[in-house]
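For reference, upload20.cif is printed below; it contains mmCIF, C-alpha atoms and all ligand atoms.
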```cif
data_final
#
loop_
_atom_site.group_PDB
_atom_site.id
_atom_site.type_symbol
_atom_site.label_atom_id
_atom_site.label_comp_id
_atom_site.auth_asym_id
_atom_site.auth_seq_id
_atom_site.Cartn_x
_atom_site.Cartn_y
_atom_site.Cartn_z
ATOM 1 C CA MET A 25 269.244 -202.709 28.082
ATOM 2 C CA THR A 26 267.983 -206.153 29.088
ATOM 3 C CA ARG A 27 264.551 -206.558 30.630
ATOM 4 C CA TRP A 28 266.231 -207.832 33.782
ATOM 5 C CA TYR A 29 268.269 -204.654 34.043
ATOM 6 C CA ALA A 30 265.243 -202.439 33.269
ATOM 7 C CA GLU A 31 263.240 -204.072 36.063
ATOM 8 C CA ARG A 32 266.120 -203.731 38.508
ATOM 9 C CA LYS A 33 266.340 -200.046 37.625
ATOM 10 C CA GLN A 34 262.626 -199.536 38.339
ATOM 11 C CA ASP A 35 263.000 -201.297 41.677
ATOM 12 C CA TYR A 36 265.835 -198.947 42.376
ATOM 13 C CA TYR A 37 263.643 -195.843 41.839
ATOM 14 C CA TYR A 38 260.822 -197.363 43.834
ATOM 15 C CA ARG A 39 263.143 -198.004 46.785
ATOM 16 C CA GLU A 40 264.813 -194.605 46.454
ATOM 17 C CA ALA A 41 261.402 -192.863 46.459
ATOM 18 C CA LYS A 42 260.524 -194.634 49.702
ATOM 19 C CA LYS A 43 263.914 -193.873 51.217
ATOM 20 C CA GLN A 44 263.866 -190.178 50.285
ATOM 21 C CA GLY A 45 260.220 -189.653 51.265
ATOM 22 C CA TYR A 46 258.801 -189.112 47.758
ATOM 23 C CA ARG A 47 255.216 -190.212 47.182
ATOM 24 C CA ALA A 48 255.888 -191.592 43.736
ATOM 25 C CA ARG A 49 258.922 -192.792 41.842
ATOM 26 C CA SER A 50 257.915 -190.336 39.110
ATOM 27 C CA ALA A 51 259.533 -187.665 41.337
ATOM 28 C CA PHE A 52 262.869 -188.822 39.901
ATOM 29 C CA LYS A 53 261.735 -188.015 36.370
ATOM 30 C CA LEU A 54 261.253 -184.372 37.351
ATOM 31 C CA ILE A 55 264.539 -184.403 39.281
ATOM 32 C CA GLN A 56 266.307 -185.618 36.122
ATOM 33 C CA ILE A 57 264.482 -183.101 33.908
ATOM 34 C CA GLN A 58 265.434 -180.322 36.310
ATOM 35 C CA LYS A 59 269.069 -181.424 36.463
ATOM 36 C CA LYS A 60 269.384 -181.343 32.676
ATOM 37 C CA TYR A 61 267.152 -178.394 31.708
ATOM 38 C CA LYS A 62 266.833 -176.170 34.815
ATOM 39 C CA ILE A 63 263.181 -175.437 34.231
ATOM 40 C CA LEU A 64 262.486 -174.342 37.830
ATOM 41 C CA LYS A 65 264.160 -171.322 39.418
ATOM 42 C CA LYS A 66 264.357 -170.461 43.117
ATOM 43 C CA GLY A 67 261.183 -168.666 44.211
ATOM 44 C CA CYS A 68 259.254 -169.482 41.033
ATOM 45 C CA ILE A 69 255.504 -170.074 40.794
ATOM 46 C CA VAL A 70 254.483 -173.390 39.242
ATOM 47 C CA ILE A 71 251.307 -175.069 38.000
ATOM 48 C CA ASP A 72 251.567 -178.873 38.287
ATOM 49 C CA LEU A 73 248.915 -180.655 36.163
ATOM 50 C CA GLY A 74 247.996 -184.277 36.894
ATOM 51 C CA ALA A 75 249.755 -183.828 40.213
ATOM 52 C CA SER A 76 248.414 -186.612 42.408
ATOM 53 C CA PRO A 77 249.781 -188.325 44.524
ATOM 54 C CA GLY A 78 252.265 -185.437 44.655
ATOM 55 C CA GLY A 79 255.796 -186.568 43.748
ATOM 56 C CA TRP A 80 256.317 -183.756 41.231
ATOM 57 C CA SER A 81 254.782 -181.199 43.598
ATOM 58 C CA GLN A 82 257.216 -182.334 46.309
ATOM 59 C CA VAL A 83 260.145 -181.752 43.943
ATOM 60 C CA ALA A 84 258.753 -178.464 42.571
ATOM 61 C CA SER A 85 258.156 -177.107 46.071
ATOM 62 C CA GLN A 86 261.883 -177.421 46.808
ATOM 63 C CA TYR A 87 262.371 -174.545 44.320
ATOM 64 C CA ALA A 88 259.037 -172.760 44.150
ATOM 65 C CA SER A 89 257.468 -170.205 46.450
ATOM 66 C CA LYS A 90 254.055 -171.479 45.367
ATOM 67 C CA VAL A 91 252.787 -174.564 43.505
ATOM 68 C CA ILE A 92 249.224 -174.963 42.228
ATOM 69 C CA ALA A 93 248.655 -178.714 41.956
ATOM 70 C CA VAL A 94 245.691 -179.858 39.849
ATOM 71 C CA ASP A 95 244.234 -183.352 39.627
ATOM 72 C CA LEU A 96 240.995 -185.300 39.356
ATOM 73 C CA GLN A 97 242.131 -187.322 42.374
ATOM 74 C CA LYS A 98 242.658 -185.767 45.765
ATOM 75 C CA MET A 99 246.115 -185.317 47.201
ATOM 76 C CA GLN A 100 247.579 -185.177 50.710
ATOM 77 C CA PRO A 101 248.800 -181.671 51.677
ATOM 78 C CA ILE A 102 252.351 -180.484 50.954
ATOM 79 C CA ASP A 103 253.909 -177.292 52.280
ATOM 80 C CA LYS A 104 253.637 -174.371 49.759
ATOM 81 C CA VAL A 105 251.341 -176.445 47.516
ATOM 82 C CA ILE A 106 247.733 -175.381 46.882
ATOM 83 C CA PHE A 107 245.628 -178.273 45.674
ATOM 84 C CA VAL A 108 242.876 -177.692 43.117
ATOM 85 C CA LYS A 109 240.583 -180.630 42.414
ATOM 86 C CA GLY A 110 239.509 -180.465 38.804
ATOM 87 C CA ASP A 111 239.654 -181.664 35.235
ATOM 88 C CA ILE A 112 242.280 -180.010 33.049
ATOM 89 C CA THR A 113 240.131 -180.616 29.954
ATOM 90 C CA GLU A 114 237.237 -178.517 31.261
ATOM 91 C CA ASP A 115 236.969 -174.763 30.834
ATOM 92 C CA GLU A 116 236.137 -174.097 34.493
ATOM 93 C CA ILE A 117 239.704 -175.124 35.390
ATOM 94 C CA PHE A 118 240.906 -171.685 34.198
ATOM 95 C CA GLU A 119 238.766 -169.966 36.778
ATOM 96 C CA LYS A 120 239.730 -172.424 39.526
ATOM 97 C CA ILE A 121 243.465 -171.915 38.897
ATOM 98 C CA GLY A 122 242.922 -168.171 38.425
ATOM 99 C CA GLU A 123 241.664 -167.907 42.006
ATOM 100 C CA TYR A 124 245.248 -168.465 43.165
ATOM 101 C CA VAL A 125 247.541 -167.109 40.443
ATOM 102 C CA GLU A 126 247.537 -164.605 37.634
ATOM 103 C CA GLU A 127 250.860 -165.509 35.976
ATOM 104 C CA VAL A 128 253.348 -168.317 36.588
ATOM 105 C CA ASP A 129 256.934 -169.188 35.686
ATOM 106 C CA ALA A 130 256.372 -172.835 34.789
ATOM 107 C CA VAL A 131 253.574 -175.231 33.860
ATOM 108 C CA ILE A 132 254.479 -178.898 34.263
ATOM 109 C CA SER A 133 252.206 -181.798 33.332
ATOM 110 C CA ASP A 134 252.609 -185.474 34.111
ATOM 111 C CA ALA A 135 248.895 -186.105 33.462
ATOM 112 C CA SER A 136 248.116 -189.560 32.053
ATOM 113 C CA PRO A 137 244.859 -191.060 30.847
ATOM 114 C CA ASN A 138 243.585 -194.290 32.399
ATOM 115 C CA ILE A 139 245.340 -196.939 30.373
ATOM 116 C CA THR A 140 242.867 -199.114 28.438
ATOM 117 C CA GLY A 141 245.462 -201.243 26.663
ATOM 118 C CA ASN A 142 244.238 -200.009 23.275
ATOM 119 C CA TYR A 143 247.350 -198.061 22.338
ATOM 120 C CA SER A 144 245.876 -195.734 19.729
ATOM 121 C CA LEU A 145 243.071 -194.759 22.101
ATOM 122 C CA ASP A 146 245.485 -194.232 25.018
ATOM 123 C CA GLN A 147 247.806 -192.239 22.781
ATOM 124 C CA ALA A 148 244.980 -190.025 21.486
ATOM 125 C CA ARG A 149 243.861 -189.360 25.080
ATOM 126 C CA SER A 150 247.396 -188.509 26.111
ATOM 127 C CA VAL A 151 247.610 -185.959 23.272
ATOM 128 C CA TRP A 152 244.235 -184.521 24.317
ATOM 129 C CA LEU A 153 245.573 -184.000 27.860
ATOM 130 C CA CYS A 154 248.703 -182.360 26.413
ATOM 131 C CA GLN A 155 246.663 -180.017 24.217
ATOM 132 C CA ASN A 156 244.764 -178.921 27.302
ATOM 133 C CA ALA A 157 247.972 -178.555 29.315
ATOM 134 C CA LEU A 158 249.329 -176.323 26.529
ATOM 135 C CA LYS A 159 246.136 -174.227 26.608
ATOM 136 C CA ILE A 160 246.611 -173.716 30.357
ATOM 137 C CA ALA A 161 250.290 -172.869 29.792
ATOM 138 C CA LYS A 162 249.379 -170.288 27.139
ATOM 139 C CA ARG A 163 246.887 -168.648 29.504
ATOM 140 C CA PHE A 164 249.043 -168.532 32.647
ATOM 141 C CA LEU A 165 252.734 -168.478 31.617
ATOM 142 C CA LYS A 166 254.772 -165.298 31.823
ATOM 143 C CA GLU A 167 256.875 -164.175 28.883
ATOM 144 C CA GLY A 168 259.900 -166.513 28.873
ATOM 145 C CA GLY A 169 258.171 -169.152 31.054
ATOM 146 C CA ASN A 170 258.760 -172.890 30.808
ATOM 147 C CA PHE A 171 256.525 -175.851 29.980
ATOM 148 C CA VAL A 172 257.012 -179.597 30.462
ATOM 149 C CA CYS A 173 254.516 -182.207 29.423
ATOM 150 C CA LYS A 174 254.343 -185.970 29.194
ATOM 151 C CA ILE A 175 253.060 -187.448 25.955
ATOM 152 C CA PHE A 176 252.741 -190.973 24.572
ATOM 153 C CA GLU A 177 254.602 -191.328 21.314
ATOM 154 C CA GLY A 178 252.423 -192.015 18.256
ATOM 155 C CA GLU A 179 250.478 -190.634 15.358
ATOM 156 C CA ASP A 180 249.527 -187.203 16.718
ATOM 157 C CA TYR A 181 252.783 -186.579 18.498
ATOM 158 C CA PRO A 182 254.693 -184.714 15.693
ATOM 159 C CA GLU A 183 251.806 -182.307 15.157
ATOM 160 C CA PHE A 184 251.614 -181.511 18.864
ATOM 161 C CA LEU A 185 255.387 -181.031 19.035
ATOM 162 C CA ASN A 186 255.106 -178.500 16.188
ATOM 163 C CA GLU A 187 252.387 -176.647 18.033
ATOM 164 C CA VAL A 188 254.659 -176.383 21.082
ATOM 165 C CA ARG A 189 257.533 -175.198 18.850
ATOM 166 C CA LYS A 190 255.411 -172.261 17.653
ATOM 167 C CA ASN A 191 255.015 -171.043 21.216
ATOM 168 C CA PHE A 192 258.460 -171.591 22.786
ATOM 169 C CA ARG A 193 262.018 -170.654 21.859
ATOM 170 C CA MET A 194 263.633 -173.966 22.832
ATOM 171 C CA VAL A 195 261.814 -177.314 22.535
ATOM 172 C CA LYS A 196 263.348 -180.749 23.136
ATOM 173 C CA PRO A 197 261.834 -184.209 23.600
ATOM 174 C CA TYR A 198 263.503 -185.991 26.510
ATOM 175 C CA CYS A 199 263.302 -189.468 28.067
ATOM 176 C CA PRO A 200 264.447 -189.388 31.693
ATOM 177 C CA GLU A 201 266.396 -192.407 32.929
ATOM 178 C CA ALA A 202 263.690 -192.961 35.547
ATOM 179 C CA SER A 203 261.038 -193.678 32.859
ATOM 180 C CA ARG A 204 260.222 -197.345 32.453
ATOM 181 C CA LYS A 205 262.150 -198.790 29.560
ATOM 182 C CA GLN A 206 259.076 -200.486 28.035
ATOM 183 C CA SER A 207 257.168 -197.197 28.214
ATOM 184 C CA SER A 208 256.471 -195.045 25.163
ATOM 185 C CA GLU A 209 256.219 -191.851 27.211
ATOM 186 C CA ILE A 210 258.306 -188.855 26.272
ATOM 187 C CA TYR A 211 258.610 -185.529 28.041
ATOM 188 C CA ILE A 212 258.467 -182.405 25.919
ATOM 189 C CA ILE A 213 260.689 -179.752 27.464
ATOM 190 C CA ALA A 214 259.853 -176.237 26.270
ATOM 191 C CA LYS A 215 261.629 -173.112 27.456
ATOM 192 C CA GLY A 216 261.128 -169.436 26.709
ATOM 193 C CA PHE A 217 257.393 -168.883 26.182
ATOM 194 C CA LYS A 218 256.726 -166.381 23.387
ATOM 195 C CA LYS A 219 253.938 -164.490 25.031
ATOM 196 C CA TYR A 220 254.129 -161.412 22.861
ATOM 197 C CA GLU A 221 255.898 -162.615 19.708
ATOM 198 C CA ARG A 222 253.960 -163.439 16.554
ATOM 199 C CA LYS A 223 253.593 -167.226 16.221
ATOM 200 C CA ASN A 224 253.755 -168.737 12.751
HETATM 201 C C1 LIG B 1 251.213 -190.474 36.487
HETATM 202 S S1 LIG B 1 250.058 -189.713 37.529
HETATM 203 C C2 LIG B 1 250.929 -188.279 38.049
HETATM 204 C C3 LIG B 1 251.982 -188.539 39.077
HETATM 205 C C4 LIG B 1 252.532 -187.270 39.696
HETATM 206 N N1 LIG B 1 253.264 -186.468 38.723
HETATM 207 C C5 LIG B 1 253.450 -187.557 40.867
HETATM 208 O O1 LIG B 1 254.667 -187.364 40.726
HETATM 209 O O2 LIG B 1 252.943 -187.950 41.917
HETATM 210 C C6 LIG B 1 248.901 -189.033 36.376
HETATM 211 C C7 LIG B 1 247.799 -188.215 37.002
HETATM 212 O O3 LIG B 1 247.053 -187.558 35.959
HETATM 213 C C8 LIG B 1 245.761 -187.329 36.472
HETATM 214 N N2 LIG B 1 244.822 -186.956 35.413
HETATM 215 C C9 LIG B 1 244.425 -187.710 34.347
HETATM 216 N N3 LIG B 1 243.522 -187.038 33.613
HETATM 217 C C10 LIG B 1 243.325 -185.833 34.218
HETATM 218 C C11 LIG B 1 242.491 -184.717 33.935
HETATM 219 N N4 LIG B 1 241.674 -184.698 32.864
HETATM 220 N N5 LIG B 1 242.537 -183.655 34.769
HETATM 221 C C12 LIG B 1 243.342 -183.666 35.857
HETATM 222 N N6 LIG B 1 244.162 -184.703 36.172
HETATM 223 C C13 LIG B 1 244.150 -185.779 35.372
HETATM 224 C C14 LIG B 1 245.432 -188.666 37.138
HETATM 225 O O4 LIG B 1 244.368 -188.513 38.055
HETATM 226 C C15 LIG B 1 246.769 -189.042 37.790
HETATM 227 O O5 LIG B 1 246.792 -188.674 39.136
#
```
Please express the file's structure as structure tokens.
Amino acid sequence: MTRWYAERKQDYYYREAKKQGYRARSAFKLIQIQKKYKILKKGCIVIDLGASPGGWSQVASQYASKVIAVDLQKMQPIDKVIFVKGDITEDEIFEKIGEYVEEVDAVISDASPNITGNYSLDQARSVWLCQNALKIAKRFLKEGGNFVCKIFEGEDYPEFLNEVRKNFRMVKPYCPEASRKQSSEIYIIAKGFKKYERKN
């Protein structure tokens, strides 16, 4: 794909987000993930990590009966979405989320570190966020639940992918069309949480 075409495509998602009332063009990434992998079921309960400004929560709330949206940054209200201000890398987040849900059907994370431009640092921080998202998923997911998380490709990525594979029955890396072409982000799609099975 030429750079010209890639930029046109991004403009397209930006304009579509405005037209369809989504707060961020990233909403289309979740729409594309959902279309391909059906990670959200009608009436499900979802934890959305790194949720602000709320594009993914808007999409998730079209399926879910309840969404717990977590972010360091505040977020404007959305119907059926409970906002929790907090840091997903800190232990107190478990208690904060636990005030609203005991078990959920899906944990989705689009959390990103602040980009410094030093790729190995940014990549390591992205993996750190993913490890914490996985910890939250392991605490709150029901047997058979689903997990999605954004990660920057790089050194620690294969090891993290293996860790996810130990905990879920189906795991696939996926690049939605709506991701920027120059971007090294990948979404790990994991279905069928093994809550009770032995993990090797
Ligand atoms: C790409 S944005 C998410 C966009 C969102 N999915 C949407 O569709 O509107 C990444 C978010 O991750 C959040 N984030 C980064 N580190 C975090 C942390 N440690 N705890 C909670 N949120 C974090 C940022 O504040 C930012 O809002």
Go through A:Tyr87, A:Tyr220, A:Phe164, A:Tyr211 and flag the residue nearest ligand LIG 1 (chain B), using only C-alpha atoms and all ligand atoms for the distances.
-> A:Tyr211
Would you compute the box with edges along x, y and z of the file around range 65-68 of chain A, including every atom the file lists for it and 5 Å extra on each side, and give its centre and edge lengths in Å to one decimal, as lines of an AutoDock Vina configuration file?
```
center_x = 261.8
center_y = -170.0
center_z = 41.8
size_x = 15.1
size_y = 12.7
size_z = 14.8
```
Write out as a list in words which residues come within 10 Å of Val83 in chain A when counting all atoms listed in the file, dropping same-chain ones fewer than 2 positions away.
-> Tyr46, Ala51, Phe52, Lys53, Leu54, Ile55, Gln58, Leu64, Gly78, Gly79, Trp80, Ser81, Ser85, Gln86, Tyr87 and Ala88 of chain A
Same residues, C-alpha atoms, saved as a short mmCIF file (atom, residue, chain, number, x, y, z; two decimals), in the coordinates of the input:
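File produced: out03.cif:
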```cif
data_model
loop_
_atom_site.label_atom_id
_atom_site.label_comp_id
_atom_site.auth_asym_id
_atom_site.auth_seq_id
_atom_site.Cartn_x
_atom_site.Cartn_y
_atom_site.Cartn_z
CA TYR A 46 258.80 -189.11 47.76
CA ALA A 51 259.53 -187.66 41.34
CA PHE A 52 262.87 -188.82 39.90
CA LYS A 53 261.74 -188.02 36.37
CA LEU A 54 261.25 -184.37 37.35
CA ILE A 55 264.54 -184.40 39.28
CA GLN A 58 265.43 -180.32 36.31
CA LEU A 64 262.49 -174.34 37.83
CA GLY A 78 252.26 -185.44 44.66
CA GLY A 79 255.80 -186.57 43.75
CA TRP A 80 256.32 -183.76 41.23
CA SER A 81 254.78 -181.20 43.60
CA SER A 85 258.16 -177.11 46.07
CA GLN A 86 261.88 -177.42 46.81
CA TYR A 87 262.37 -174.54 44.32
CA ALA A 88 259.04 -172.76 44.15
#
```
Expressed in Å to a single decimal, how great is the separation between CA of Tyr124 in chain A and CA of Lys174 in chain A?
->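 Computing the Euclidean distance for CA of Tyr124 in chain A and CA of Lys174 in chain A yields 24.2 Å.
One distance worth recording is that between CA of Tyr143 in chain A and CA of Lys190 in chain A, which is 27.4 Å.
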Which residues of chain A sit at most 10 Å from ligand LIG 1 (chain B), using all atoms listed in the file? Give each one's shortest atom pair and distance in Å (one decimal place), in chain and ascending residue order, as JSON lines.
```
{"residue": "A:Tyr46", "atom": "CA", "partner": "B:LIG1", "partner_atom": "O1", "distance": 8.3}
{"residue": "A:Arg47", "atom": "CA", "partner": "B:LIG1", "partner_atom": "O2", "distance": 6.2}
{"residue": "A:Ala48", "atom": "CA", "partner": "B:LIG1", "partner_atom": "O2", "distance": 5.0}
{"residue": "A:Arg49", "atom": "CA", "partner": "B:LIG1", "partner_atom": "O1", "distance": 7.0}
{"residue": "A:Ser50", "atom": "CA", "partner": "B:LIG1", "partner_atom": "O1", "distance": 4.7}
{"residue": "A:Ala51", "atom": "CA", "partner": "B:LIG1", "partner_atom": "O1", "distance": 4.9}
{"residue": "A:Phe52", "atom": "CA", "partner": "B:LIG1", "partner_atom": "O1", "distance": 8.4}
{"residue": "A:Lys53", "atom": "CA", "partner": "B:LIG1", "partner_atom": "O1", "distance": 8.3}
{"residue": "A:Leu54", "atom": "CA", "partner": "B:LIG1", "partner_atom": "O1", "distance": 8.0}
{"residue": "A:Asp72", "atom": "CA", "partner": "B:LIG1", "partner_atom": "N1", "distance": 7.8}
{"residue": "A:Leu73", "atom": "CA", "partner": "B:LIG1", "partner_atom": "N6", "distance": 6.2}
{"residue": "A:Gly74", "atom": "CA", "partner": "B:LIG1", "partner_atom": "O3", "distance": 3.5}
{"residue": "A:Ala75", "atom": "CA", "partner": "B:LIG1", "partner_atom": "C4", "distance": 4.5}
{"residue": "A:Ser76", "atom": "CA", "partner": "B:LIG1", "partner_atom": "O5", "distance": 4.2}
{"residue": "A:Pro77", "atom": "CA", "partner": "B:LIG1", "partner_atom": "O2", "distance": 4.1}
{"residue": "A:Gly78", "atom": "CA", "partner": "B:LIG1", "partner_atom": "O2", "distance": 3.8}
{"residue": "A:Gly79", "atom": "CA", "partner": "B:LIG1", "partner_atom": "O1", "distance": 3.3}
{"residue": "A:Trp80", "atom": "CA", "partner": "B:LIG1", "partner_atom": "O1", "distance": 4.0}
{"residue": "A:Ser81", "atom": "CA", "partner": "B:LIG1", "partner_atom": "O1", "distance": 6.8}
{"residue": "A:Gln82", "atom": "CA", "partner": "B:LIG1", "partner_atom": "O1", "distance": 7.9}
{"residue": "A:Val83", "atom": "CA", "partner": "B:LIG1", "partner_atom": "O1", "distance": 8.5}
{"residue": "A:Ala84", "atom": "CA", "partner": "B:LIG1", "partner_atom": "O1", "distance": 10.0}
{"residue": "A:Ala93", "atom": "CA", "partner": "B:LIG1", "partner_atom": "N6", "distance": 9.5}
{"residue": "A:Val94", "atom": "CA", "partner": "B:LIG1", "partner_atom": "C12", "distance": 6.0}
{"residue": "A:Asp95", "atom": "CA", "partner": "B:LIG1", "partner_atom": "N6", "distance": 3.7}
{"residue": "A:Leu96", "atom": "CA", "partner": "B:LIG1", "partner_atom": "C12", "distance": 4.5}
{"residue": "A:Gln97", "atom": "CA", "partner": "B:LIG1", "partner_atom": "O4", "distance": 5.0}
{"residue": "A:Lys98", "atom": "CA", "partner": "B:LIG1", "partner_atom": "O5", "distance": 8.3}
{"residue": "A:Met99", "atom": "CA", "partner": "B:LIG1", "partner_atom": "O5", "distance": 8.8}
{"residue": "A:Val108", "atom": "CA", "partner": "B:LIG1", "partner_atom": "C12", "distance": 9.4}
{"residue": "A:Lys109", "atom": "CA", "partner": "B:LIG1", "partner_atom": "C12", "distance": 7.7}
{"residue": "A:Gly110", "atom": "CA", "partner": "B:LIG1", "partner_atom": "C12", "distance": 5.8}
{"residue": "A:Asp111", "atom": "CA", "partner": "B:LIG1", "partner_atom": "N5", "distance": 3.5}
{"residue": "A:Ile112", "atom": "CA", "partner": "B:LIG1", "partner_atom": "N5", "distance": 4.0}
{"residue": "A:Thr113", "atom": "CA", "partner": "B:LIG1", "partner_atom": "N4", "distance": 5.2}
{"residue": "A:Glu114", "atom": "CA", "partner": "B:LIG1", "partner_atom": "N4", "distance": 7.8}
{"residue": "A:Ile117", "atom": "CA", "partner": "B:LIG1", "partner_atom": "N5", "distance": 9.0}
{"residue": "A:Ile132", "atom": "CA", "partner": "B:LIG1", "partner_atom": "N1", "distance": 8.9}
{"residue": "A:Ser133", "atom": "CA", "partner": "B:LIG1", "partner_atom": "N1", "distance": 7.2}
{"residue": "A:Asp134", "atom": "CA", "partner": "B:LIG1", "partner_atom": "N1", "distance": 4.8}
{"residue": "A:Ala135", "atom": "CA", "partner": "B:LIG1", "partner_atom": "O3", "distance": 3.4}
{"residue": "A:Ser136", "atom": "CA", "partner": "B:LIG1", "partner_atom": "C6", "distance": 4.4}
{"residue": "A:Pro137", "atom": "CA", "partner": "B:LIG1", "partner_atom": "C9", "distance": 4.9}
{"residue": "A:Asn138", "atom": "CA", "partner": "B:LIG1", "partner_atom": "C9", "distance": 6.9}
{"residue": "A:Arg149", "atom": "CA", "partner": "B:LIG1", "partner_atom": "N3", "distance": 8.8}
{"residue": "A:Ser150", "atom": "CA", "partner": "B:LIG1", "partner_atom": "N3", "distance": 8.6}
{"residue": "A:Trp152", "atom": "CA", "partner": "B:LIG1", "partner_atom": "N4", "distance": 8.9}
{"residue": "A:Leu153", "atom": "CA", "partner": "B:LIG1", "partner_atom": "N4", "distance": 6.4}
{"residue": "A:Cys154", "atom": "CA", "partner": "B:LIG1", "partner_atom": "N4", "distance": 9.8}
{"residue": "A:Asn156", "atom": "CA", "partner": "B:LIG1", "partner_atom": "N4", "distance": 8.6}
{"residue": "A:Ala157", "atom": "CA", "partner": "B:LIG1", "partner_atom": "N5", "distance": 9.2}
{"residue": "A:Lys174", "atom": "CA", "partner": "B:LIG1", "partner_atom": "C1", "distance": 9.1}
```
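You can rank A:Val131, A:Glu183, A:Gln206, A:Gln155 by their closest distance to Cys68 in chain A using only C-alpha atoms, and at the top of that list sits A:Val131.
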Nearest to Val195 in chain A among A:Ile106, A:Val172, A:Ile210, A:Ala161, with distances taken over all atoms listed in the file: which residue is it?
->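 That would be A:Val172, the residue with the smallest distance to Val195 in chain A.
Across the structure, CA of Ala130 in chain A and CA of Glu179 in chain A are spaced 27.0 Å apart.
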Of the candidates A:Lys219, A:Lys120, A:Arg163, A:Lys59, which shows the shortest atom-to-atom distance to Glu201 in chain A, using all atoms listed in the file?
-> A:Lys59
With distances taken over all atoms listed in the file, which of A:Ser207, A:Asp35, A:Leu185, A:Phe171 is nearest to Tyr61 in chain A?
->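 Nearest candidate to Tyr61 in chain A out of A:Ser207, A:Asp35, A:Leu185, A:Phe171: A:Phe171.
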Using the chain letters and residue numbers of this document, give as a list in words the residues selected by the PyMOL selection byres (((chain A and resi 214) around 7) and not hetatm).
-> Asn170, Phe171, Val172, Phe192, Met194, Val195, Lys196, Ile212, Ile213, Lys215 and Gly216 of chain A
Pick the closest to Ile63 in chain A from A:Lys159, A:Asn186, A:Gly168, A:Ser89: which is it, counting only C-alpha atoms?
->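 Result for the nearest residue to Ile63 in chain A: A:Gly168.
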Could you expand the PyMOL selection byres (((chain A and resi 129) around 6) and not hetatm) into the explicit residues it covers here, written as number ranges by chain?
-> A: 68-69, 128, 130, 165-166, 169
Name the residues in contact with Glu209 in chain A at a cut-off of 9 Å, using all atoms listed in the file, excluding same-chain residues fewer than 3 positions from it; report them as a count of residues only.
-> 7
Please rebuild range 211-215 of chain A with all heavy atoms and return the result as a compact mmCIF listing (two decimals), in the frame of the given file.
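selection.txt, freshly written:
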```
# COMPACT_ATOMS: atom_id res chain seq x y z
N TYR A 211 258.90 -186.83 27.45
CA TYR A 211 258.61 -185.53 28.04
C TYR A 211 259.04 -184.44 27.05
O TYR A 211 260.17 -184.48 26.56
CB TYR A 211 259.32 -185.38 29.39
CG TYR A 211 258.66 -186.26 30.42
CD1 TYR A 211 258.96 -187.61 30.52
CD2 TYR A 211 257.65 -185.76 31.24
CE1 TYR A 211 258.30 -188.43 31.43
CE2 TYR A 211 256.99 -186.57 32.15
CZ TYR A 211 257.32 -187.89 32.24
OH TYR A 211 256.65 -188.70 33.12
N ILE A 212 258.12 -183.55 26.77
CA ILE A 212 258.47 -182.40 25.92
C ILE A 212 258.92 -181.29 26.85
O ILE A 212 258.18 -180.90 27.77
CB ILE A 212 257.26 -181.95 25.07
CG1 ILE A 212 256.85 -183.08 24.11
CG2 ILE A 212 257.59 -180.69 24.30
CD1 ILE A 212 255.60 -182.78 23.29
N ILE A 213 260.14 -180.83 26.64
CA ILE A 213 260.69 -179.75 27.46
C ILE A 213 260.66 -178.49 26.60
O ILE A 213 261.26 -178.47 25.51
CB ILE A 213 262.17 -180.04 27.84
CG1 ILE A 213 262.38 -181.50 28.28
CG2 ILE A 213 262.68 -179.04 28.88
CD1 ILE A 213 261.71 -181.92 29.54
N ALA A 214 259.98 -177.46 27.06
CA ALA A 214 259.85 -176.24 26.27
C ALA A 214 260.23 -175.04 27.14
O ALA A 214 259.66 -174.86 28.22
CB ALA A 214 258.42 -176.11 25.76
N LYS A 215 261.19 -174.27 26.66
CA LYS A 215 261.63 -173.11 27.46
C LYS A 215 261.46 -171.82 26.65
O LYS A 215 261.59 -171.82 25.42
CB LYS A 215 263.11 -173.28 27.84
CG LYS A 215 263.34 -174.41 28.83
CD LYS A 215 264.78 -174.52 29.26
CE LYS A 215 265.16 -173.49 30.29
NZ LYS A 215 266.50 -173.76 30.86
```
